[in-house]
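A short worksheet on the structure shown next.
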Amino acid sequence: MKFLLDQLLLLPLLIFFTLESFLKLFIPKKRKSVAGEIVLITGAGHGLGRLTAYEFAKLKCKLVLWDINKHGIEETAAECRRLGARAHAFVVDCSNREDIYSTAKKVKAEVGDVSILVNNAGVVYTSDLFATQDPQIEKTFEVNTLAHFWTAKAFLPAMMNNNHGHIVTVASAAGHTVVPFLLAYCSSKFAAVGFHRGLTEELAALKRTGVKTTCLCPNFINTGFIKNPSTSLGPTLEPEEVVVKLINGILTEQKMIFVPSSIRFLTLLERIFPERFLAILKRKMDIKFDAVIGYKTKGE
């Protein structure tokens, strides 16, 4: 009973902060300057990571670019230099912890302390549980989840010492709601969202409030990773529009970015609506993509 009474005393604060949040929707947030910051982007050799690097180059940042594809990362670095930024390319396998740690030492020695870390590298296998090979499941978690821990352990201490920095987690809408035939991917992205939320709370508990965190959760993006995606929620997102949202979210220090923003509403529905209604709603979404199905019923 005492607990319930204590919660009732918080009601005025709930009303005040709710109204404050509503009003802030109509007030443009001030964008911070990141000129001169050392920005490290994993998976920068293509797609979202490459476009994110270009945007930071335009903002006069110093770029540290990681990717497993040597040709791709050198192309990204060359374009960043053409845009006027200093860019350093490193071939890194983000599924390999020791590769991450050893390359992190090189970055600190050759470039300096990273102050903005964008964990963007990711892999996806579009198949059901039985068609997804064990090494594929392991790699999904190594790249999509565990790499975030290793890069943070490598670069976060300097940010915490300076009480200045930004950790960006590129997750997915699949980190909040599940999709059939993306079991390993969804599980790894749920873990990535959990990493972001846990790290955010840990930094607050340690009073390192100058180190900011942002998590990006987009719907299907037209990068070729998933073949022929479609949904009644809207057209497949173009990577350029997602990067615009990401950069704006980083510069305005948003903790969670949903693209499109309607995904935030859908995640709320999953928490409050009955399961049978949600089943109908998901059928209406009509999410489709090419997938390999390994499970066979008798007689097939």
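Numbering starts fresh at 1 for the residues of each chain in the structure tokens, the chains themselves are lettered A, B, ... in the order given, and ligands are numbered from 1 as they appear.
Around A:Glu79, within 10 Å and counting only C-alpha atoms, the residues found are Arg50, Ala53, Tyr54, Ala57, Glu74, Gly84, Ala85 and Ala87 of chain A, once anything fewer than 5 positions away on its own chain is removed.
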Could those residues be written to a file, using N, CA and C atoms, as a compact mmCIF listing (two decimals), in the first residue's frame?
```txt
# COMPACT_ATOMS: atom_id res chain seq x y z
N ARG A 50 28.47 4.17 -45.33
CA ARG A 50 29.16 5.05 -46.28
C ARG A 50 28.49 6.42 -46.32
N ALA A 53 29.23 8.45 -43.27
CA ALA A 53 30.58 9.01 -43.33
C ALA A 53 30.61 10.28 -44.16
N TYR A 54 29.92 10.29 -45.28
CA TYR A 54 29.87 11.48 -46.13
C TYR A 54 29.29 12.67 -45.37
N ALA A 57 31.71 13.97 -42.90
CA ALA A 57 32.78 14.67 -43.62
C ALA A 57 32.36 16.11 -43.92
N GLU A 74 38.11 1.95 -48.98
CA GLU A 74 38.99 2.92 -49.61
C GLU A 74 38.21 3.88 -50.50
N GLY A 84 36.61 17.20 -48.23
CA GLY A 84 37.40 18.10 -47.39
C GLY A 84 37.75 17.57 -46.01
N ALA A 85 37.43 16.31 -45.75
CA ALA A 85 37.69 15.75 -44.42
C ALA A 85 38.95 14.89 -44.44
N ALA A 87 40.42 11.41 -43.60
CA ALA A 87 39.79 10.09 -43.46
C ALA A 87 40.86 9.01 -43.37
```
Nearby residues (only C-alpha atoms) at most 12 Å from A:Lys207, same-chain spacing under 2 positions excluded, as a ChimeraX atom specification: /A:160-164,200-205,209-212
Residues from the last selection, N, CA and C atoms, saved as an mmCIF file, in the first residue's frame:
```
data_model
loop_
_atom_site.group_PDB
_atom_site.id
_atom_site.type_symbol
_atom_site.label_atom_id
_atom_site.label_comp_id
_atom_site.auth_asym_id
_atom_site.auth_seq_id
_atom_site.Cartn_x
_atom_site.Cartn_y
_atom_site.Cartn_z
ATOM 1 N N MET A 160 34.617 8.790 -21.340
ATOM 2 C CA MET A 160 34.199 8.934 -19.944
ATOM 3 C C MET A 160 35.185 9.798 -19.167
ATOM 4 N N ASN A 161 36.463 9.651 -19.433
ATOM 5 C CA ASN A 161 37.470 10.487 -18.757
ATOM 6 C C ASN A 161 37.260 11.967 -19.070
ATOM 7 N N ASN A 162 36.858 12.244 -20.318
ATOM 8 C CA ASN A 162 36.613 13.632 -20.739
ATOM 9 C C ASN A 162 35.176 14.073 -20.491
ATOM 10 N N ASN A 163 34.325 13.118 -20.089
ATOM 11 C CA ASN A 163 32.873 13.351 -19.966
ATOM 12 C C ASN A 163 32.334 14.030 -21.227
ATOM 13 N N HIS A 164 32.763 13.482 -22.358
ATOM 14 C CA HIS A 164 32.357 14.039 -23.650
ATOM 15 C C HIS A 164 32.444 12.943 -24.711
ATOM 16 N N THR A 200 23.050 3.443 -21.678
ATOM 17 C CA THR A 200 22.523 4.771 -21.343
ATOM 18 C C THR A 200 22.319 4.901 -19.837
ATOM 19 N N GLU A 201 21.721 3.882 -19.237
ATOM 20 C CA GLU A 201 21.465 3.910 -17.791
ATOM 21 C C GLU A 201 22.763 3.831 -16.995
ATOM 22 N N GLU A 202 23.710 3.042 -17.501
ATOM 23 C CA GLU A 202 24.979 2.884 -16.792
ATOM 24 C C GLU A 202 25.773 4.189 -16.783
ATOM 25 N N LEU A 203 25.781 4.896 -17.908
ATOM 26 C CA LEU A 203 26.470 6.183 -17.979
ATOM 27 C C LEU A 203 25.841 7.189 -17.016
ATOM 28 N N ALA A 204 24.510 7.154 -16.919
ATOM 29 C CA ALA A 204 23.821 8.055 -15.989
ATOM 30 C C ALA A 204 24.179 7.712 -14.538
ATOM 31 N N ALA A 205 24.223 6.421 -14.232
ATOM 32 C CA ALA A 205 24.554 5.985 -12.871
ATOM 33 C C ALA A 205 25.978 6.380 -12.495
ATOM 34 N N THR A 209 27.246 12.139 -17.786
ATOM 35 C CA THR A 209 26.137 12.648 -18.593
ATOM 36 C C THR A 209 26.598 13.394 -19.840
ATOM 37 N N GLY A 210 27.898 13.671 -19.935
ATOM 38 C CA GLY A 210 28.413 14.313 -21.134
ATOM 39 C C GLY A 210 28.622 13.339 -22.281
ATOM 40 N N VAL A 211 28.531 12.046 -21.983
ATOM 41 C CA VAL A 211 28.626 11.020 -23.028
ATOM 42 C C VAL A 211 27.204 10.660 -23.440
ATOM 43 N N LYS A 212 26.836 10.994 -24.648
ATOM 44 C CA LYS A 212 25.464 10.818 -25.133
ATOM 45 C C LYS A 212 25.309 9.474 -25.842
#
```
Applying 10 Å and only C-alpha atoms, which residues near A:Ala291 remain after dropping the ones on its own chain fewer than 4 positions away? List them as a PyMOL selection string. chain A and resi 125-128+131+180-182+226-228
Selected residues written out, C-alpha atoms, as a short mmCIF file (atom, residue, chain, number, x, y, z; two decimals), in the first residue's frame:
```cif
data_model
loop_
_atom_site.label_atom_id
_atom_site.label_comp_id
_atom_site.auth_asym_id
_atom_site.auth_seq_id
_atom_site.Cartn_x
_atom_site.Cartn_y
_atom_site.Cartn_z
CA TYR A 125 20.35 -14.00 -43.12
CA THR A 126 16.79 -14.27 -44.44
CA SER A 127 15.86 -17.82 -43.50
CA ASP A 128 13.90 -19.73 -40.92
CA ALA A 131 17.77 -23.10 -42.82
CA PRO A 180 9.19 -14.45 -39.29
CA PHE A 181 12.29 -15.79 -41.10
CA LEU A 182 14.55 -13.19 -39.49
CA ILE A 226 17.15 -8.10 -47.82
CA LYS A 227 15.82 -9.09 -51.24
CA ASN A 228 12.47 -7.76 -52.46
#
```
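Among the candidates A:Lys255, A:Thr151, A:Thr76, A:Val124, the residue lying nearest to A:Val107 is A:Thr151 (atoms considered: only C-alpha atoms).
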With a distance cut-off of 12 Å and only C-alpha atoms, select the neighbouring residues of stretch 267-273 of chain A, excluding the residue or stretch itself and same-chain residues fewer than 2 positions from it, and output the selection as an MDAnalysis selection string. chainID A and resid 173:178 217 258 261:265 275:282
A:Pro218: which residues within 8 Å, counting only C-alpha atoms, same-chain residues fewer than 4 positions away excluded, as a PDB file with N, CA, C and O atoms, in the first residue's frame?
```pdb
ATOM      1  N   ALA A 171      20.514  -0.066 -34.825  1.00  0.00           N
ATOM      2  CA  ALA A 171      19.752  -1.290 -34.577  1.00  0.00           C
ATOM      3  C   ALA A 171      18.737  -1.464 -35.716  1.00  0.00           C
ATOM      4  O   ALA A 171      19.101  -1.414 -36.891  1.00  0.00           O
ATOM      5  N   SER A 172      17.468  -1.609 -35.385  1.00  0.00           N
ATOM      6  CA  SER A 172      16.456  -1.856 -36.398  1.00  0.00           C
ATOM      7  C   SER A 172      15.085  -1.830 -35.742  1.00  0.00           C
ATOM      8  O   SER A 172      14.964  -2.028 -34.524  1.00  0.00           O
ATOM      9  N   ALA A 173      14.052  -1.621 -36.554  1.00  0.00           N
ATOM     10  CA  ALA A 173      12.688  -1.821 -36.049  1.00  0.00           C
ATOM     11  C   ALA A 173      12.531  -3.263 -35.577  1.00  0.00           C
ATOM     12  O   ALA A 173      11.732  -3.549 -34.682  1.00  0.00           O
ATOM     13  N   VAL A 242      17.176   7.855 -44.384  1.00  0.00           N
ATOM     14  CA  VAL A 242      17.482   7.321 -43.055  1.00  0.00           C
ATOM     15  C   VAL A 242      18.690   8.039 -42.463  1.00  0.00           C
ATOM     16  O   VAL A 242      18.706   8.387 -41.274  1.00  0.00           O
ATOM     17  N   ILE A 257      15.666   6.814 -32.293  1.00  0.00           N
ATOM     18  CA  ILE A 257      15.169   7.327 -33.568  1.00  0.00           C
ATOM     19  C   ILE A 257      14.455   6.197 -34.298  1.00  0.00           C
ATOM     20  O   ILE A 257      15.067   5.172 -34.615  1.00  0.00           O
ATOM     21  N   PHE A 258      13.167   6.375 -34.558  1.00  0.00           N
ATOM     22  CA  PHE A 258      12.409   5.425 -35.364  1.00  0.00           C
ATOM     23  C   PHE A 258      12.187   6.016 -36.748  1.00  0.00           C
ATOM     24  O   PHE A 258      11.813   7.182 -36.878  1.00  0.00           O
ATOM     25  N   VAL A 259      12.430   5.218 -37.791  1.00  0.00           N
ATOM     26  CA  VAL A 259      12.191   5.654 -39.162  1.00  0.00           C
ATOM     27  C   VAL A 259      11.396   4.557 -39.877  1.00  0.00           C
ATOM     28  O   VAL A 259      11.900   3.448 -40.040  1.00  0.00           O
ATOM     29  N   PRO A 260      10.141   4.848 -40.298  1.00  0.00           N
ATOM     30  CA  PRO A 260       9.412   6.087 -40.041  1.00  0.00           C
ATOM     31  C   PRO A 260       8.991   6.194 -38.568  1.00  0.00           C
ATOM     32  O   PRO A 260       9.019   5.199 -37.847  1.00  0.00           O
TER      33      PRO A 260
END
```
Strand (DSSP E or B) call set, DSSP backbone run, stretch 70-240 of chain A, as a ChimeraX atom specification: /A:87-91,116-119,127,165-170,182,211-218,221,230,237
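Of the listed residues (A:Gly294, A:Gly194, A:Pro28, A:Gly43), A:Gly43 comes nearest to A:Leu117; the distances count only C-alpha atoms.
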Spatial neighbours of stretch 35-40 of chain A, max dist 10 Å, only C-alpha atoms, sep filter under 3 positions, as a VMD selection string: chain A and resid 32 43 to 44 53 56 to 66 85 to 89 107 111 to 120 151 155 165 to 167
I want to know what sits within 12 Å of A:Lys139, based on only C-alpha atoms, with residues of the same chain fewer than 3 positions away left out; could you give that as a ChimeraX atom specification? /A:93-97,121-125,132-136,142-147,184-185,188
Please determine, counting only C-alpha atoms, which residue among A:Leu216, A:Gly224, A:Arg81, A:Ser187 has the shortest atom-to-atom distance to A:Leu246. A:Leu216
Output as a PyMOL selection string all residues of stretch 102-255 of chain A that backbone DSSP marks as alpha helix (DSSP H). chain A and resi 102-110+134-141+147-162+183-205+239-251
Measuring atom to atom with only C-alpha atoms, identify which of A:Leu199, A:Leu183, A:Val244, A:Val168 is nearest to A:Phe130. A:Leu183
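A straight line drawn from atom CA of A:Ile73 to atom CA of A:Lys105 is 19.0 Å long.
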